[in-house]
Amino acid sequence: MKILIADSLASKGIEILRKEQDIEVDVNTKISRDELLKVIGEYHALIVRSRTKVTREVIEAGDCLKIIGRAGVGVDNVDVGAATRRGILVVNTPEGNTISAAEHTMSLILALSRNIALANASLKSRKWEREKFMGVELYNKTLGIIGLGRIGTEVAKRASAFGMNIIAADPYIAPEYAKRLNIRLADFSDILQNSDYISFHLTLTDDTYHLLGEKEFEQMKKGVRIVNTARGEICDEKALYNAIISGKVAGAALDVFEEEPPLNSKLLELDSVLATPHLAASTDQAQLNVAVEVAQQVLKALRGQPVNNAVNMPPMDPKEAEKLLPFINIAEKMGSFQSQLMEGHVTEVNVEYKGEINEYNTAIVSIAFQKGLVESSFGNTVNYINTPVIARERGIKLTETKSSEVGDFSNIISFTVKTDKGERHIAGTIFGTRDARIIRIDKYRVDVTPRGYILLVLSHHDKPGLMGALGTVLGNSNINIVTMSLAREYDDGDSMVIINLDNAIPEEVMKQIRTIEGISKAKLVNLR
């Protein structure tokens, strides 16, 4: 397999990749867009930082591409949507530069508050202007944090040590988590109106572009200070400039800009603006951490192992993944099973988790079922990355319910597939740690090992001689039976015969089976 490293990466990360005997690594940190388009088709993995733009065109040209690794947090230089549609995994390294970014944020807050840069420049020009550089204390000031992820949380911890009051806006953070950190959760408007300092720790999306504009500055208290170490496009720089000139904003500390390098930015003309050239992650430790982390993530993905920081897949803890793997496997088998039985267009999938499994993040299990369900139509172009997109495009609605209720089994996963012609039900479980079983097919309680070829035979009534006749047809055709079991619906006498086979059944033999008296339907399911 071949990996292209298109941006600068610490040598330790490159060494990790080159130690693998089946991996070929090319490093071209000055590659142009046109050159990248020409060569990307031969690579299985692409590693970038912020310089290289991984556009839709690049992704579509990546015929062998399986993974894009971003050595850093933000992935706004990667077309994640295009990658997802192509089934290409995108990973980042959010933990590697967390401490460096948090420390840089605090450095900017402190330097901005005490006019460090201006005072340093003044003194070095042989001036003594103590009165000119009067500062403000952080103690008892309110810091508003927009985005309480890893970096935002570390900033909050450090700011608390300075005696600051912390309020934060983040819709994905539980109140209990914030309370443990002595942080008050607030809405965005509350942050704007009550903060002495506002610091941003968000990724760039359509929703966060120009999150801070003229209307937002109007809501702020006079004398507020703005800190941005996230993405320049989050703040409308023209609106920020006007807010500083008007006196609404006392100062701004910026590590990122809408256009980089920001050599023509009017903000650089203002003494109240402290600026650094995108240095938040520029420490020896951070660069080493992200290089090692992205190398490890890329290798895991190429080996088919779970990764910790997938941008376009549900996150999976490695320990949790080990426990979920048997359920992932059986869910995909059951999805394939249902796809071969159902009739009509699928409109809805209802998933129910019962028992211990409800305590885990089961999103990937639901995706596995959907993958098996749609794979018959899309073939090997379907994987765990693009399955949710394909399902949505086909109008398939997914709902999940969870319960700790335990019946005859410690864990049960059930799937009800609704189509425009009816619905089908299937349920499965895991015995021990690995022994997968399908335990219900529609109204029948069964015991089916989901592998190989499975013959399902429905009869109007379970009567003597049917099983013998069925066995005779298979035996005369030299088809070996691995296991055979009977499931009966006692209310109406209908029954289902389930047979595991070593080999497929030719169509002419299937026709013979369907002519046996009492058989209403026969279907061969291929789970190989």
# chains A, B, ... in the order shown; residues from 1 in each chain; ligands from 1
>>> residues_around(residues="Lys53 in chain A", least_positions_apart="3", cutoff="10 Å", atoms="only C-alpha atoms", output="VMD selection string")
chain A and resid 6 32 to 33 36 48 to 50 56 58 75 to 79
>>> write_last_selection(atoms="C-alpha atoms", output="PDB file, in the first residue's frame")
ATOM      1  CA  ALA A   6       1.723  16.153   1.129  1.00  0.00           C
ATOM      2  CA  SER A  32       0.951  21.452  -6.449  1.00  0.00           C
ATOM      3  CA  ARG A  33      -2.753  20.920  -6.980  1.00  0.00           C
ATOM      4  CA  LEU A  36      -1.608  16.002  -6.813  1.00  0.00           C
ATOM      5  CA  VAL A  48      -1.990  16.518   5.030  1.00  0.00           C
ATOM      6  CA  ARG A  49      -1.905  19.442   7.417  1.00  0.00           C
ATOM      7  CA  SER A  50      -3.526  22.772   6.519  1.00  0.00           C
ATOM      8  CA  ARG A  56     -13.743  16.992  -4.462  1.00  0.00           C
ATOM      9  CA  VAL A  58      -8.686  15.314  -5.691  1.00  0.00           C
ATOM     10  CA  VAL A  75     -10.622  19.503   8.490  1.00  0.00           C
ATOM     11  CA  ASP A  76     -11.969  22.515   6.593  1.00  0.00           C
ATOM     12  CA  ASN A  77      -9.308  21.926   3.920  1.00  0.00           C
ATOM     13  CA  VAL A  78     -10.809  18.478   3.256  1.00  0.00           C
ATOM     14  CA  ASP A  79     -14.105  17.960   1.424  1.00  0.00           C
TER      15      ASP A  79
END
>>> select_by_dssp(residues="range 243-421 of chain A", states="helix (DSSP H, G or I)", output="JSON, numbers by chain")
{"A": [243, 244, 245, 246, 266, 267, 268, 269, 284, 285, 286, 287, 288, 289, 290, 291, 292, 293, 294, 295, 296, 297, 298, 299, 300, 301, 302, 318, 319, 320, 321, 322, 323, 324, 325, 326, 327, 328, 329, 330, 331, 332, 333, 334, 335, 336, 337, 338, 339, 340, 341, 356, 357, 358, 359, 363, 364, 365, 366, 367, 368, 369, 370, 371, 372, 373, 374, 375, 376, 377, 378, 379, 380, 381, 387, 388, 389, 390, 391, 392, 393]}
>>> residues_around(residues="Leu4 in chain A", least_positions_apart="6", cutoff="10 Å", atoms="only C-alpha atoms", output="PyMOL selection string")
chain A and resi 24-29+36+39-40+42-48+68
>>> write_last_selection(atoms="C-alpha atoms", output="compact mmCIF listing (two decimals), in the first residue's frame")
# COMPACT_ATOMS: atom_id res chain seq x y z
CA GLU A 24 5.53 2.55 0.71
CA VAL A 25 5.78 6.18 1.81
CA ASP A 26 6.32 9.17 -0.49
CA VAL A 27 6.91 12.65 0.94
CA ASN A 28 6.26 15.67 -1.27
CA THR A 29 5.55 18.72 0.89
CA LEU A 36 -1.61 16.00 -6.81
CA VAL A 39 -0.60 11.13 -8.89
CA ILE A 40 -3.27 10.66 -6.20
CA GLU A 42 -1.99 5.41 -7.10
CA TYR A 43 -2.16 6.10 -3.33
CA HIS A 44 -4.19 4.34 -0.66
CA ALA A 45 -3.71 7.06 1.98
CA LEU A 46 -3.09 10.80 1.95
CA ILE A 47 -1.70 12.72 4.93
CA VAL A 48 -1.99 16.52 5.03
CA ILE A 68 -7.27 10.91 4.42
>>> residues_around(residues="range 134-142 of chain A", least_positions_apart="5", cutoff="9 Å", atoms="only C-alpha atoms", output="number ranges by chain")
A: 109-110, 112-115, 159, 162-167, 194-198
>>> write_last_selection(atoms="C-alpha atoms", output="JSON list (two decimals), in the first residue's frame")
[["chain", "number", "residue", "atom", "x", "y", "z"],
["A", 109, "ILE", "CA", -5.13, 36.50, 26.87],
["A", 110, "LEU", "CA", -2.36, 37.46, 29.28],
["A", 112, "LEU", "CA", -3.37, 41.23, 25.49],
["A", 113, "SER", "CA", -4.40, 42.14, 29.04],
["A", 114, "ARG", "CA", -0.96, 43.48, 30.00],
["A", 115, "ASN", "CA", 0.09, 45.00, 26.65],
["A", 159, "ALA", "CA", -8.41, 30.42, 33.26],
["A", 162, "PHE", "CA", -6.40, 32.81, 37.45],
["A", 163, "GLY", "CA", -9.67, 33.34, 39.30],
["A", 164, "MET", "CA", -11.76, 33.99, 36.20],
["A", 165, "ASN", "CA", -15.47, 33.21, 36.04],
["A", 166, "ILE", "CA", -16.10, 30.79, 33.17],
["A", 167, "ILE", "CA", -19.25, 30.61, 31.07],
["A", 194, "ASN", "CA", -21.83, 39.17, 29.85],
["A", 195, "SER", "CA", -18.25, 38.30, 28.91],
["A", 196, "ASP", "CA", -15.15, 40.42, 29.48],
["A", 197, "TYR", "CA", -13.19, 38.04, 27.24],
["A", 198, "ILE", "CA", -14.56, 35.79, 24.49]]
>>> residues_around(residues="Asn309 in chain A", least_positions_apart="3", cutoff="7 Å", atoms="only C-alpha atoms", output="list in words")
Val91, Asn92, Thr93 and Pro315 of chain A
>>> write_last_selection(atoms="C-alpha atoms", output="PDB file, in the first residue's frame")
ATOM      1  CA  VAL A  91      -9.374  11.139  10.471  1.00  0.00           C
ATOM      2  CA  ASN A  92      -7.866  14.008  12.413  1.00  0.00           C
ATOM      3  CA  THR A  93      -5.704  14.353  15.523  1.00  0.00           C
ATOM      4  CA  PRO A 315     -16.371   7.294  17.301  1.00  0.00           C
TER       5      PRO A 315
END
>>> closest_residue(among="A:Leu65, A:Leu192, A:Ile505, A:Ala239", to="Gly87 in chain A", atoms="only C-alpha atoms")
A:Leu65
>>> residues_around(residues="His278 in chain A", least_positions_apart="3", cutoff="10 Å", atoms="only C-alpha atoms", output="list of chain:residue names")
A:Thr229, A:Ala230, A:Arg231, A:Gly232, A:Leu254, A:Asp255, A:Val256, A:Phe257, A:Glu260, A:Pro261, A:Ala275, A:Ala281, A:Ser282
>>> write_last_selection(atoms="N, CA and C atoms", output="PDB file, in the first residue's frame")
ATOM      1  N   THR A 229      -8.145  31.509  18.369  1.00  0.00           N
ATOM      2  CA  THR A 229      -7.079  30.581  17.980  1.00  0.00           C
ATOM      3  C   THR A 229      -7.663  29.396  17.216  1.00  0.00           C
ATOM      4  N   ALA A 230      -8.902  29.536  16.753  1.00  0.00           N
ATOM      5  CA  ALA A 230      -9.602  28.420  16.097  1.00  0.00           C
ATOM      6  C   ALA A 230      -9.487  28.529  14.576  1.00  0.00           C
ATOM      7  N   ARG A 231     -10.384  29.280  13.970  1.00  0.00           N
ATOM      8  CA  ARG A 231     -10.374  29.502  12.524  1.00  0.00           C
ATOM      9  C   ARG A 231     -10.720  30.959  12.253  1.00  0.00           C
ATOM     10  N   GLY A 232      -9.973  31.597  11.356  1.00  0.00           N
ATOM     11  CA  GLY A 232     -10.167  33.013  11.083  1.00  0.00           C
ATOM     12  C   GLY A 232     -11.540  33.347  10.569  1.00  0.00           C
ATOM     13  N   LEU A 254      -5.327  37.528  17.949  1.00  0.00           N
ATOM     14  CA  LEU A 254      -5.679  36.663  16.828  1.00  0.00           C
ATOM     15  C   LEU A 254      -4.492  35.809  16.401  1.00  0.00           C
ATOM     16  N   ASP A 255      -4.733  34.518  16.325  1.00  0.00           N
ATOM     17  CA  ASP A 255      -3.723  33.602  15.810  1.00  0.00           C
ATOM     18  C   ASP A 255      -4.100  33.110  14.421  1.00  0.00           C
ATOM     19  N   VAL A 256      -5.342  33.355  14.028  1.00  0.00           N
ATOM     20  CA  VAL A 256      -5.855  32.886  12.735  1.00  0.00           C
ATOM     21  C   VAL A 256      -6.596  34.026  12.047  1.00  0.00           C
ATOM     22  N   PHE A 257      -6.645  33.950  10.703  1.00  0.00           N
ATOM     23  CA  PHE A 257      -7.216  35.033   9.926  1.00  0.00           C
ATOM     24  C   PHE A 257      -8.027  34.472   8.771  1.00  0.00           C
ATOM     25  N   GLU A 260      -4.880  33.836   4.962  1.00  0.00           N
ATOM     26  CA  GLU A 260      -3.540  33.679   5.510  1.00  0.00           C
ATOM     27  C   GLU A 260      -2.529  33.485   4.386  1.00  0.00           C
ATOM     28  N   PRO A 261      -1.399  34.220   4.432  1.00  0.00           N
ATOM     29  CA  PRO A 261      -1.045  35.223   5.449  1.00  0.00           C
ATOM     30  C   PRO A 261      -1.866  36.500   5.287  1.00  0.00           C
ATOM     31  N   ALA A 275      -1.257  39.919  17.264  1.00  0.00           N
ATOM     32  CA  ALA A 275      -1.369  38.919  16.216  1.00  0.00           C
ATOM     33  C   ALA A 275      -0.170  37.967  16.208  1.00  0.00           C
ATOM     34  N   ALA A 281      -0.551  25.524  17.440  1.00  0.00           N
ATOM     35  CA  ALA A 281      -0.058  24.144  17.510  1.00  0.00           C
ATOM     36  C   ALA A 281       1.441  24.053  17.254  1.00  0.00           C
ATOM     37  N   SER A 282       2.107  25.204  17.201  1.00  0.00           N
ATOM     38  CA  SER A 282       3.526  25.210  16.841  1.00  0.00           C
ATOM     39  C   SER A 282       4.430  25.080  18.059  1.00  0.00           C
TER      40      SER A 282
END
>>> atom_distance(atom1="CA of Glu293 in chain A", atom2="CA of Leu325 in chain A")
23.3 Å
>>> atom_distance(atom1="CA of Leu458 in chain A", atom2="CA of Ser520 in chain A")
5.6 Å
>>> residues_around(residues="Ala391 in chain A", least_positions_apart="4", cutoff="10 Å", atoms="only C-alpha atoms", output="list in words")
Val346, Thr347, Glu348, Ile367, Gln370, Lys371, Leu373, Val374, Asn386, Thr387, Gly395, Ile396, Lys397 and Leu398 of chain A
>>> atom_distance(atom1="CA of Lys2 in chain A", atom2="CA of Glu57 in chain A")
19.7 Å
>>> closest_residue(among="A:Asp502, A:Tyr384, A:Ile145, A:Lys248", to="Pro306 in chain A", atoms="only C-alpha atoms")
A:Tyr384
>>> closest_residue(among="A:Gln338, A:Ser246, A:Asn228, A:Ser377", to="Ala102 in chain A", atoms="only C-alpha atoms")
A:Asn228
>>> select_by_dssp(residues="range 205-283 of chain A", states="strand (DSSP E or B)", output="MDAnalysis selection string")
chainID A and resid 212 224:228 235 249:254 273:275
>>> closest_residue(among="A:Leu185, A:Leu108, A:Asn120, A:Val473", to="Ile226 in chain A", atoms="only C-alpha atoms")
A:Leu108
